[in-house]
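Participant: First the structure, which I've put down as structure tokens, then a few questions once you've had a look.
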Protein chains: 2
Amino acid sequence: MAVDIRDVARRSGVSVATVSRALNARPGVSAETRDRVVGIARELGYLPNLQARSLVRRRSDTVGLIWDTSYSSAGLRVPFLQDLLIGLKLALADTGYHLMLVSPRAAAADLHAFEHVASQHSLDGVVLMGVDEHLPAVKALISSGLPVIGLDLPVRGIRASYVSTDNRAGAAAAVRHLASLGHRRIATIAGPPDQLPAIDRLEGYRETMAGLELAVPDGYVVHGDYFLDSGRAAMRALLALDERPTAVFVAGDSMAIGACRTVLEAGLDVPGDISIVGYDDEELAAVVRPALTTIRQDYLAMGAATVELLTDLITARHAGGPVDESATLPRLIRAVLIARESSGPAPTAG
Amino acid sequence: MAVDIRDVARRSGVSVATVSRALNARPGVSAETRDRVVGIARELGYLPNLQARSLVRRRSDTVGLIWDTSYSSAGLRVPFLQDLLIGLKLALADTGYHLMLVSPRAAAADLHAFEHVASQHSLDGVVLMGVDEHLPAVKALISSGLPVIGLDLPVRGIRASYVSTDNRAGAAAAVRHLASLGHRRIATIAGPPDQLPAIDRLEGYRETMAGLELAVPDGYVVHGDYFLDSGRAAMRALLALDERPTAVFVAGDSMAIGACRTVLEAGLDVPGDISIVGYDDEELAAVVRPALTTIRQDYLAMGAATVELLTDLITARHAGGPVDESATLPRLIRAVLIARESSGPAPTAG
DNA sequence: TTGTATGCGTTATCAC
DNA sequence: GTGATAACGCATACAA
């Protein structure tokens, strides 16, 4: 049926070993025969069988993606993860690695579920996304020594690291943007105080405010839960303040939209009276009115960093060499500010 | 390193052939030895190597997903496709098939690009998503005889079919909803006239209007390109009509939002003066003001139908039997109307 | 530089 | 019911 390496060998008048060497650009074959073999292989439409290849090479040139999407059955959407998937896919396409999606159904029950799928498919490495990093199966996978990268998921290990966004720097960019527009009374609507990204964004806000020698009066830090309504409530609290802020950095787009609405309903203007900067650049950020200035996580860059880290780990492992320290250092990707309509010059003193 | 079938055989005191038979529940092995072998295999933590397995069985229990995401580099997002992916993934997880993501980089150039990857990975079947169905490589893939299912992509062939939403019925639901609110002058903003979903939605509109004995005057059908701005332009055309519609069925949420804005900017009210129904129930449909009444596609059901169709095709092919007619019949999944704020009673005659 | 032979871990085809 | 053994398609150690 399909043409195999023996067919190419016969037609070329050489042995299969020579064909293999020629096609894989291995040394020890004359340029002349190499060219001839390559030509005949192309002519015959020869395609090496990947299963056979990985069986003998003991590697599959395939990385697995472990991504728990069960939340989706409940109607939830996490668009950011899906953006990350695309970033990963695009970056991987340039490297020759294939991507296998594994569905972690039994992960909760079976401690070795992840190791098992990895071993059965001879996966060269694994990317973790949207799973609980405290899962025993995750820890077991990491201590198995297989190269593992957490995508927006803080895991560390002998051959494990992670890629995430620099939430501190993102918050700093937002605050600096507002300050550069002349704002001095800048408040923040933060996320839940027990989540790492929320904590980092809040710290980034505080640090930058301090660096700019701007005061953070009582009441300038309000917490929400990332949902729209909590943004409304938070903004109401901010509007009730004696020294009302002229700008607000909001740690999530939905909350920012809620905050916007509350400002407008109060008869004030955005950005005329109050400037607002969101976070995440969700799809709707560009659509609402006024369009939201926000911080975008660069998922293409995150995908690229993930692939880079993972392939480094993989090649180092195959080379049998020691794990390079720098290869297991987490990579924080800079978030970029997308300036739209919801931020503008500070109102002239009045 | 890892325990293989020979280890199990040795420990069981039987041959590898017997082990294989026992573990795969093949006939010709006594219940007694079967149980013993299974027990020892479990005890040893034996995991069959899937590459070796698929090498000899000539099937991989893996389906490929061909999904072109290159548009994403341009900053575009198609959230619906990502919902579909999750639906597919969840449905597939229950069947034991694995999912391999293939990135069609050379598809445009190489006529046989898709066949090649399928053959190299011994894929049992392929799901197509977000690629141009007119691509020569797609046609070539289908005529290769491999089981292929288009997800929201109208392909047909000897072992090819597709799953889509019932766009006709969705449009009908929208029109009937508006009619039930008392509207009689119902216009539509359709999609590009050369895309099947757009065509079906338009036909569903026409049929239902005819069935309700409602007139579709000249100018009541305007085409857009699914982007927001085209919805604005289309609505401007509609507003300029002598007999202005009191309701508009818009074939996409973004266009519907654009249409809403244009109505509001013209000093008219939604839904007071003009009711609007969108299509897709994108995330932002629930967030914009007024919240959009729209048609939601059931992506979990679509994923399930895709898997069902594909596995039927695959098992039929492996059985060597003829292709069941019904297995290549497209499956249309019913869409549901989500009533929100953008649709209301028709204005009383004036 | 090239060819021969062996092994990768299974399943399947024969014998027995 | 069970056991040798030959594929499956490829890469590579060793010989030549």
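Chain identifiers are assigned as A, B, and so on, following the order in which chains appear in the structure tokens; residues are numbered from 1 within each chain, and ligands are numbered from 1 in order of appearance.
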I'd like the neighbourhood of D:DA16 as a PDB file with C-alpha atoms (C1' of nucleotides), in the first residue's frame, where a residue qualifies if any of its atoms comes within 12 Å (using only C-alpha atoms (C1' of nucleotides)), though same-chain residues fewer than 4 positions away should be ignored.

Facilitator:
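Once everything was written out, this is around.pdb:
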```pdb
ATOM      1  C1'  DT C   1      31.240   4.801   2.295  1.00  0.00           C
ATOM      2  C1'  DT C   2      28.162   0.949   2.430  1.00  0.00           C
ATOM      3  C1'  DG C   3      25.765  -3.500   3.816  1.00  0.00           C
ATOM      4  C1'  DT C   4      24.217  -7.014   7.377  1.00  0.00           C
TER       5       DT C   4
END
```

Participant: Could you superpose chain B on chain A by least squares over every Cα, matched in sequence order, and send it back as a CSV table (one decimal) with C-alpha atoms, in the first residue's frame?

Facilitator:
```
chain,number,residue,atom,x,y,z
B,1,MET,CA,-0.2,-0.8,0.8
B,2,ALA,CA,2.0,2.1,1.9
B,3,VAL,CA,5.6,2.0,0.9
B,4,ASP,CA,8.0,1.2,3.7
B,5,ILE,CA,11.7,1.4,4.2
B,6,ARG,CA,12.3,-2.1,2.8
B,7,ASP,CA,10.8,-1.0,-0.5
B,8,VAL,CA,13.2,1.9,-0.7
B,9,ALA,CA,16.1,-0.4,0.2
B,10,ARG,CA,15.2,-2.9,-2.6
B,11,ARG,CA,14.8,-0.3,-5.2
B,12,SER,CA,18.0,1.4,-4.1
B,13,GLY,CA,20.0,-1.9,-4.1
B,14,VAL,CA,21.2,-1.2,-0.5
B,15,SER,CA,20.2,-2.4,2.9
B,16,VAL,CA,17.5,-0.9,5.1
B,17,ALA,CA,20.2,0.2,7.5
B,18,THR,CA,21.8,2.4,4.8
B,19,VAL,CA,18.5,3.8,3.8
B,20,SER,CA,17.8,4.7,7.4
B,21,ARG,CA,21.1,6.4,7.7
B,22,ALA,CA,20.8,8.2,4.5
B,23,LEU,CA,17.3,9.5,5.2
B,24,ASN,CA,18.2,10.6,8.7
B,25,ALA,CA,21.4,12.4,7.6
B,26,ARG,CA,23.4,10.1,9.8
B,27,PRO,CA,27.2,9.9,9.2
B,28,GLY,CA,28.7,6.8,7.6
B,29,VAL,CA,27.2,6.9,4.2
B,30,SER,CA,28.7,8.2,1.0
B,31,ALA,CA,27.3,11.3,-0.5
B,32,GLU,CA,26.7,9.4,-3.7
B,33,THR,CA,24.5,6.7,-2.2
B,34,ARG,CA,22.8,9.1,0.1
B,35,ASP,CA,21.6,11.3,-2.8
B,36,ARG,CA,20.5,8.2,-4.7
B,37,VAL,CA,18.5,6.8,-1.8
B,38,VAL,CA,17.0,10.2,-1.0
B,39,GLY,CA,15.9,10.5,-4.6
B,40,ILE,CA,14.3,7.1,-4.7
B,41,ALA,CA,12.6,7.6,-1.4
B,42,ARG,CA,11.0,10.8,-2.8
B,43,GLU,CA,10.2,9.1,-6.0
B,44,LEU,CA,8.4,6.3,-4.2
B,45,GLY,CA,6.6,8.7,-1.9
B,46,TYR,CA,8.1,7.0,1.1
B,47,LEU,CA,6.9,8.3,4.5
B,48,PRO,CA,8.5,6.9,7.6
B,49,ASN,CA,6.0,5.4,10.1
B,50,LEU,CA,6.2,7.6,13.2
B,51,GLN,CA,4.9,4.9,15.6
B,52,ALA,CA,7.6,2.5,14.6
B,53,ARG,CA,10.2,5.3,14.8
B,54,SER,CA,9.2,6.5,18.2
B,55,LEU,CA,8.9,2.9,19.5
B,56,VAL,CA,12.6,2.3,18.9
B,57,ARG,CA,13.9,5.8,19.5
B,58,ARG,CA,11.9,6.1,22.7
B,59,ARG,CA,10.8,9.5,21.9
B,60,SER,CA,7.8,10.7,19.9
B,61,ASP,CA,8.7,14.3,18.9
B,62,THR,CA,5.3,15.0,20.4
B,63,VAL,CA,4.4,17.3,23.3
B,64,GLY,CA,1.2,17.0,25.2
B,65,LEU,CA,-1.1,19.8,26.1
B,66,ILE,CA,-3.0,19.3,29.3
B,67,TRP,CA,-5.8,21.7,29.3
B,68,ASP,CA,-8.8,21.4,31.5
B,69,THR,CA,-11.9,22.6,29.6
B,70,SER,CA,-14.5,21.1,31.8
B,71,TYR,CA,-15.5,24.6,33.0
B,72,SER,CA,-16.8,25.1,29.5
B,73,SER,CA,-19.6,22.7,30.1
B,74,ALA,CA,-20.9,25.2,32.6
B,75,GLY,CA,-21.0,27.8,30.0
B,76,LEU,CA,-17.9,29.6,31.0
B,77,ARG,CA,-15.4,31.0,28.5
B,78,VAL,CA,-11.8,31.8,29.1
B,79,PRO,CA,-10.9,33.4,25.8
B,80,PHE,CA,-7.4,34.1,26.9
B,81,LEU,CA,-6.5,30.5,27.2
B,82,GLN,CA,-7.7,29.9,23.7
B,83,ASP,CA,-5.5,32.7,22.5
B,84,LEU,CA,-2.6,31.0,24.3
B,85,LEU,CA,-3.4,27.7,22.6
B,86,ILE,CA,-3.1,29.4,19.2
B,87,GLY,CA,0.2,31.1,20.2
B,88,LEU,CA,1.5,27.7,21.3
B,89,LYS,CA,0.3,25.9,18.2
B,90,LEU,CA,1.8,28.5,15.9
B,91,ALA,CA,5.2,28.4,17.6
B,92,LEU,CA,5.3,24.7,17.7
B,93,ALA,CA,4.6,24.4,14.0
B,94,ASP,CA,8.0,25.8,13.3
B,95,THR,CA,9.9,23.2,15.4
B,96,GLY,CA,8.7,19.9,14.0
B,97,TYR,CA,7.1,18.9,17.2
B,98,HIS,CA,3.6,17.6,17.2
B,99,LEU,CA,0.9,18.5,19.7
B,100,MET,CA,-1.4,16.1,21.4
B,101,LEU,CA,-4.4,17.3,23.3
B,102,VAL,CA,-5.0,15.3,26.4
B,103,SER,CA,-8.2,15.6,28.3
B,104,PRO,CA,-7.6,15.2,32.0
B,105,ARG,CA,-10.8,13.6,33.1
B,106,ALA,CA,-9.6,11.3,35.9
B,107,ALA,CA,-6.9,13.8,37.0
B,108,ALA,CA,-8.7,14.6,40.2
B,109,ALA,CA,-9.1,11.0,41.2
B,110,ASP,CA,-5.8,9.5,39.9
B,111,LEU,CA,-2.6,10.9,41.3
B,112,HIS,CA,-0.6,9.6,38.4
B,113,ALA,CA,-3.1,10.4,35.6
B,114,PHE,CA,-0.8,12.9,33.9
B,115,GLU,CA,2.3,10.8,34.2
B,116,HIS,CA,0.4,7.9,32.7
B,117,VAL,CA,-0.7,9.6,29.6
B,118,ALA,CA,2.7,11.1,29.1
B,119,SER,CA,4.3,7.7,29.4
B,120,GLN,CA,1.8,5.9,27.3
B,121,HIS,CA,2.2,8.3,24.4
B,122,SER,CA,6.0,8.6,25.0
B,123,LEU,CA,5.5,12.4,25.2
B,124,ASP,CA,8.7,14.3,25.1
B,125,GLY,CA,7.3,17.1,27.2
B,126,VAL,CA,4.1,18.6,28.5
B,127,VAL,CA,2.5,22.0,28.5
B,128,LEU,CA,0.1,22.8,31.3
B,129,MET,CA,-2.7,25.2,30.8
B,130,GLY,CA,-5.8,26.2,32.7
B,131,VAL,CA,-5.4,23.4,35.4
B,132,ASP,CA,-5.0,23.9,39.1
B,133,GLU,CA,-1.3,24.0,39.8
B,134,HIS,CA,-1.9,22.7,43.3
B,135,LEU,CA,-3.4,19.5,42.0
B,136,PRO,CA,-1.4,16.5,43.3
B,137,ALA,CA,-1.3,15.0,39.8
B,138,VAL,CA,0.5,18.1,38.6
B,139,LYS,CA,3.1,17.9,41.3
B,140,ALA,CA,3.5,14.2,40.6
B,141,LEU,CA,4.0,14.9,36.9
B,142,ILE,CA,6.7,17.5,37.6
B,143,SER,CA,8.6,15.3,40.0
B,144,SER,CA,8.6,12.5,37.5
B,145,GLY,CA,11.3,14.6,35.7
B,146,LEU,CA,9.5,15.0,32.5
B,147,PRO,CA,10.0,18.5,30.9
B,148,VAL,CA,7.0,20.5,31.8
B,149,ILE,CA,6.1,24.1,31.1
B,150,GLY,CA,3.2,25.9,32.7
B,151,LEU,CA,1.5,28.4,30.4
B,152,ASP,CA,0.3,31.2,32.6
B,153,LEU,CA,0.6,28.6,35.4
B,154,PRO,CA,3.3,29.0,38.0
B,155,VAL,CA,5.0,25.6,38.3
B,156,ARG,CA,8.7,25.0,39.0
B,157,GLY,CA,10.7,21.8,39.2
B,158,ILE,CA,13.8,20.0,38.2
B,159,ARG,CA,12.7,20.1,34.6
B,160,ALA,CA,9.8,22.4,34.9
B,161,SER,CA,9.3,26.0,34.5
B,162,TYR,CA,6.7,28.4,33.3
B,163,VAL,CA,5.8,31.3,31.0
B,164,SER,CA,3.6,34.1,32.2
B,165,THR,CA,3.1,37.7,31.5
B,166,ASP,CA,5.0,40.2,33.6
B,167,ASN,CA,2.0,41.1,35.7
B,168,ARG,CA,4.1,43.4,37.9
B,169,ALA,CA,5.2,45.3,34.8
B,170,GLY,CA,1.7,45.3,33.4
B,171,ALA,CA,0.3,46.8,36.6
B,172,ALA,CA,3.2,49.3,36.7
B,173,ALA,CA,2.4,50.4,33.1
B,174,ALA,CA,-1.3,50.9,34.1
B,175,VAL,CA,-0.4,53.0,37.2
B,176,ARG,CA,2.2,55.0,35.4
B,177,HIS,CA,-0.3,55.7,32.6
B,178,LEU,CA,-2.8,57.0,35.1
B,179,ALA,CA,-0.1,59.0,37.0
B,180,SER,CA,1.0,60.6,33.7
B,181,LEU,CA,-2.5,61.8,33.2
B,182,GLY,CA,-2.3,63.7,36.5
B,183,HIS,CA,-4.0,61.2,38.8
B,184,ARG,CA,-2.7,61.0,42.3
B,185,ARG,CA,-5.6,59.2,44.0
B,186,ILE,CA,-5.3,55.8,42.3
B,187,ALA,CA,-7.1,52.8,43.8
B,188,THR,CA,-7.1,49.2,42.6
B,189,ILE,CA,-9.5,46.4,42.2
B,190,ALA,CA,-7.4,43.3,42.6
B,191,GLY,CA,-8.1,39.6,41.9
B,192,PRO,CA,-8.4,36.8,44.4
B,193,PRO,CA,-5.5,37.2,47.0
B,194,ASP,CA,-4.5,33.5,46.6
B,195,GLN,CA,-3.7,33.5,42.9
B,196,LEU,CA,-0.2,34.4,41.7
B,197,PRO,CA,-1.2,36.7,38.8
B,198,ALA,CA,-3.5,38.6,41.0
B,199,ILE,CA,-0.8,38.9,43.7
B,200,ASP,CA,1.8,40.1,41.2
B,201,ARG,CA,-0.5,42.7,39.7
B,202,LEU,CA,-1.3,44.0,43.2
B,203,GLU,CA,2.4,44.2,44.1
B,204,GLY,CA,3.1,45.9,40.8
B,205,TYR,CA,0.5,48.5,41.8
B,206,ARG,CA,1.9,48.9,45.3
B,207,GLU,CA,5.5,49.2,44.1
B,208,THR,CA,4.8,51.7,41.4
B,209,MET,CA,2.6,53.8,43.7
B,210,ALA,CA,5.4,53.8,46.2
B,211,GLY,CA,8.0,54.7,43.6
B,212,LEU,CA,5.8,57.6,42.5
B,213,GLU,CA,5.4,58.6,46.1
B,214,LEU,CA,1.7,58.3,45.9
B,215,ALA,CA,-0.3,57.3,49.0
B,216,VAL,CA,-2.4,54.1,49.1
B,217,PRO,CA,-4.9,54.9,51.9
B,218,ASP,CA,-7.0,52.4,53.6
B,219,GLY,CA,-9.7,51.0,51.4
B,220,TYR,CA,-7.8,51.7,48.2
B,221,VAL,CA,-7.3,48.0,47.6
B,222,VAL,CA,-10.4,45.9,47.0
B,223,HIS,CA,-10.5,42.3,46.0
B,224,GLY,CA,-12.8,40.8,43.4
B,225,ASP,CA,-13.1,37.4,41.7
B,226,TYR,CA,-12.6,38.6,38.0
B,227,PHE,CA,-16.4,38.4,37.3
B,228,LEU,CA,-18.3,41.5,36.3
B,229,ASP,CA,-20.4,41.7,39.4
B,230,SER,CA,-17.5,41.7,41.8
B,231,GLY,CA,-16.2,44.8,39.9
B,232,ARG,CA,-19.5,46.5,40.6
B,233,ALA,CA,-19.3,45.7,44.3
B,234,ALA,CA,-15.7,46.7,44.6
B,235,MET,CA,-16.5,50.0,42.9
B,236,ARG,CA,-19.4,50.7,45.2
B,237,ALA,CA,-17.0,50.3,48.1
B,238,LEU,CA,-14.5,52.7,46.4
B,239,LEU,CA,-17.2,55.3,45.8
B,240,ALA,CA,-18.2,55.2,49.4
B,241,LEU,CA,-14.7,56.2,50.5
B,242,ASP,CA,-14.1,59.7,52.1
B,243,GLU,CA,-11.3,60.3,49.8
B,244,ARG,CA,-12.7,58.9,46.6
B,245,PRO,CA,-10.1,57.9,44.0
B,246,THR,CA,-10.0,59.6,40.6
B,247,ALA,CA,-8.6,56.6,38.9
B,248,VAL,CA,-8.8,52.8,39.4
B,249,PHE,CA,-6.6,50.1,38.1
B,250,VAL,CA,-8.7,47.0,37.7
B,251,ALA,CA,-7.0,43.6,37.4
B,252,GLY,CA,-9.4,42.2,34.8
B,253,ASP,CA,-11.5,43.5,32.0
B,254,SER,CA,-14.9,42.1,33.1
B,255,MET,CA,-14.4,43.6,36.5
B,256,ALA,CA,-13.4,46.9,34.9
B,257,ILE,CA,-16.6,46.9,32.9
B,258,GLY,CA,-18.6,46.3,36.0
B,259,ALA,CA,-16.8,49.1,37.7
B,260,CYS,CA,-17.5,51.4,34.8
B,261,ARG,CA,-21.2,50.7,35.0
B,262,THR,CA,-21.3,51.4,38.7
B,263,VAL,CA,-19.6,54.7,38.2
B,264,LEU,CA,-22.0,55.7,35.4
B,265,GLU,CA,-25.0,54.6,37.4
B,266,ALA,CA,-23.8,56.7,40.3
B,267,GLY,CA,-24.2,59.7,38.0
B,268,LEU,CA,-20.5,60.1,37.5
B,269,ASP,CA,-18.5,60.1,34.3
B,270,VAL,CA,-15.8,57.8,32.9
B,271,PRO,CA,-13.2,59.1,32.4
B,272,GLY,CA,-14.4,62.6,33.3
B,273,ASP,CA,-14.7,61.9,37.1
B,274,ILE,CA,-13.0,58.5,37.3
B,275,SER,CA,-10.5,56.9,35.0
B,276,ILE,CA,-10.4,53.1,34.7
B,277,VAL,CA,-7.8,50.8,33.3
B,278,GLY,CA,-8.5,47.1,32.9
B,279,TYR,CA,-6.4,44.1,32.2
B,280,ASP,CA,-6.3,41.3,29.5
B,281,ASP,CA,-7.7,43.2,26.5
B,282,GLU,CA,-10.5,40.7,26.0
B,283,GLU,CA,-12.5,41.1,22.9
B,284,LEU,CA,-15.2,43.1,24.5
B,285,ALA,CA,-12.8,45.7,25.9
B,286,ALA,CA,-12.8,47.4,22.5
B,287,VAL,CA,-16.6,47.2,22.1
B,288,VAL,CA,-18.0,48.5,25.3
B,289,ARG,CA,-18.7,52.2,25.9
B,290,PRO,CA,-16.5,53.8,26.9
B,291,ALA,CA,-14.0,51.6,25.2
B,292,LEU,CA,-11.7,50.2,27.9
B,293,THR,CA,-8.1,51.2,28.3
B,294,THR,CA,-6.4,48.0,29.2
B,295,ILE,CA,-3.3,45.8,29.4
B,296,ARG,CA,-2.8,43.3,26.6
B,297,GLN,CA,-0.9,40.0,27.0
B,298,ASP,CA,1.2,39.0,24.0
B,299,TYR,CA,0.0,35.5,23.5
B,300,LEU,CA,2.1,34.9,20.4
B,301,ALA,CA,5.2,35.8,22.4
B,302,MET,CA,4.1,33.6,25.2
B,303,GLY,CA,3.7,30.7,22.9
B,304,ALA,CA,7.1,31.2,21.4
B,305,ALA,CA,8.7,31.4,24.8
B,306,THR,CA,6.9,28.2,25.9
B,307,VAL,CA,8.2,26.3,23.0
B,308,GLU,CA,11.7,27.6,23.4
B,309,LEU,CA,11.8,26.7,27.1
B,310,LEU,CA,10.3,23.3,26.5
B,311,THR,CA,12.5,22.3,23.6
B,312,ASP,CA,15.6,23.4,25.5
B,313,LEU,CA,14.5,21.2,28.4
B,314,ILE,CA,13.8,18.3,26.1
B,315,THR,CA,17.0,18.4,24.1
B,316,ALA,CA,19.0,18.8,27.3
B,317,ARG,CA,17.3,15.7,28.7
B,318,HIS,CA,18.0,13.6,25.6
B,319,ALA,CA,21.6,14.7,25.6
B,320,GLY,CA,21.7,13.4,29.2
B,321,GLY,CA,23.4,16.6,30.2
B,322,PRO,CA,22.6,18.5,33.4
B,323,VAL,CA,19.7,20.8,33.4
B,324,ASP,CA,20.8,24.3,32.5
B,325,GLU,CA,19.9,26.7,35.3
B,326,SER,CA,18.6,29.3,32.9
B,327,ALA,CA,16.3,26.8,31.2
B,328,THR,CA,14.2,26.5,34.3
B,329,LEU,CA,14.0,30.2,34.9
B,330,PRO,CA,10.4,31.5,34.5
B,331,ARG,CA,10.0,33.7,31.5
B,332,LEU,CA,7.9,36.8,31.9
B,333,ILE,CA,6.5,38.3,28.8
B,334,ARG,CA,6.0,42.0,28.7
B,335,ALA,CA,2.4,43.2,28.5
B,336,VAL,CA,1.5,46.4,26.6
B,337,LEU,CA,-0.9,49.2,27.4
B,338,ILE,CA,-3.7,49.8,25.0
B,339,ALA,CA,-5.0,53.3,25.6
B,340,ARG,CA,-8.7,53.7,24.7
B,341,GLU,CA,-11.5,55.9,26.1
B,342,SER,CA,-11.9,54.9,29.8
B,343,SER,CA,-8.8,56.8,30.9
B,344,GLY,CA,-8.3,60.5,30.8
B,345,PRO,CA,-6.9,63.5,32.5
B,346,ALA,CA,-7.5,63.8,36.2
B,347,PRO,CA,-10.3,66.1,37.1
B,348,THR,CA,-8.9,69.5,38.1
B,349,ALA,CA,-8.9,69.8,41.9
B,350,GLY,CA,-12.2,70.5,43.4
```

Participant: State, in Å with one decimal place, the distance from atom C1' of D:DA11 to atom C1' of C:DA12.

Facilitator: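 Going from atom C1' of D:DA11 over to atom C1' of C:DA12, I get 24.2 Å.
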
Participant: With the cut-off set at 9 Å and counting only C-alpha atoms (C1' of nucleotides), tabulate each residue of chain D with an atom at most that distance from an atom of chain B, showing the nearest atom pair and its distance in Å to one decimal, ordered by chain and increasing number, as a tab-separated table.

Facilitator:
```
residue	atom	partner	partner_atom	distance
D:DG1	C1'	B:Val29	CA	5.6
D:DT2	C1'	B:Thr18	CA	6.9
D:DG3	C1'	B:Ser15	CA	6.1
D:DA4	C1'	B:Ser15	CA	8.9
D:DA7	C1'	B:Val56	CA	7.8
D:DC8	C1'	B:Val56	CA	4.4
D:DG9	C1'	B:Leu55	CA	7.8
```

Participant: Mind checking DSSP for stretch 249-324 of chain A and telling me the strand (DSSP E) residues as a ChimeraX atom specification?

Facilitator: /A:249-250,275-277,294-296

Participant: Name the residues of stretch 165-335 of chain A that come out as alpha helix (DSSP H) in a backbone DSSP run; write them as an MDAnalysis selection string.

Facilitator: chainID A and resid 167:180 196:211 228:239 253:265 299:319

Participant: Residues of chain C that have any atom at most 10 Å from an atom of chain B: could you tabulate them with the shortest-distance atom pair and the distance in Å to one decimal, using only C-alpha atoms (C1' of nucleotides), ordered by chain and increasing number, as a tab-separated table?

Facilitator:
```
residue	atom	partner	partner_atom	distance
C:DC8	C1'	B:Ala52	CA	7.9
C:DG9	C1'	B:Ala52	CA	5.1
C:DT10	C1'	B:Arg53	CA	4.8
C:DT11	C1'	B:Val56	CA	6.0
C:DA12	C1'	B:Val56	CA	8.8
```
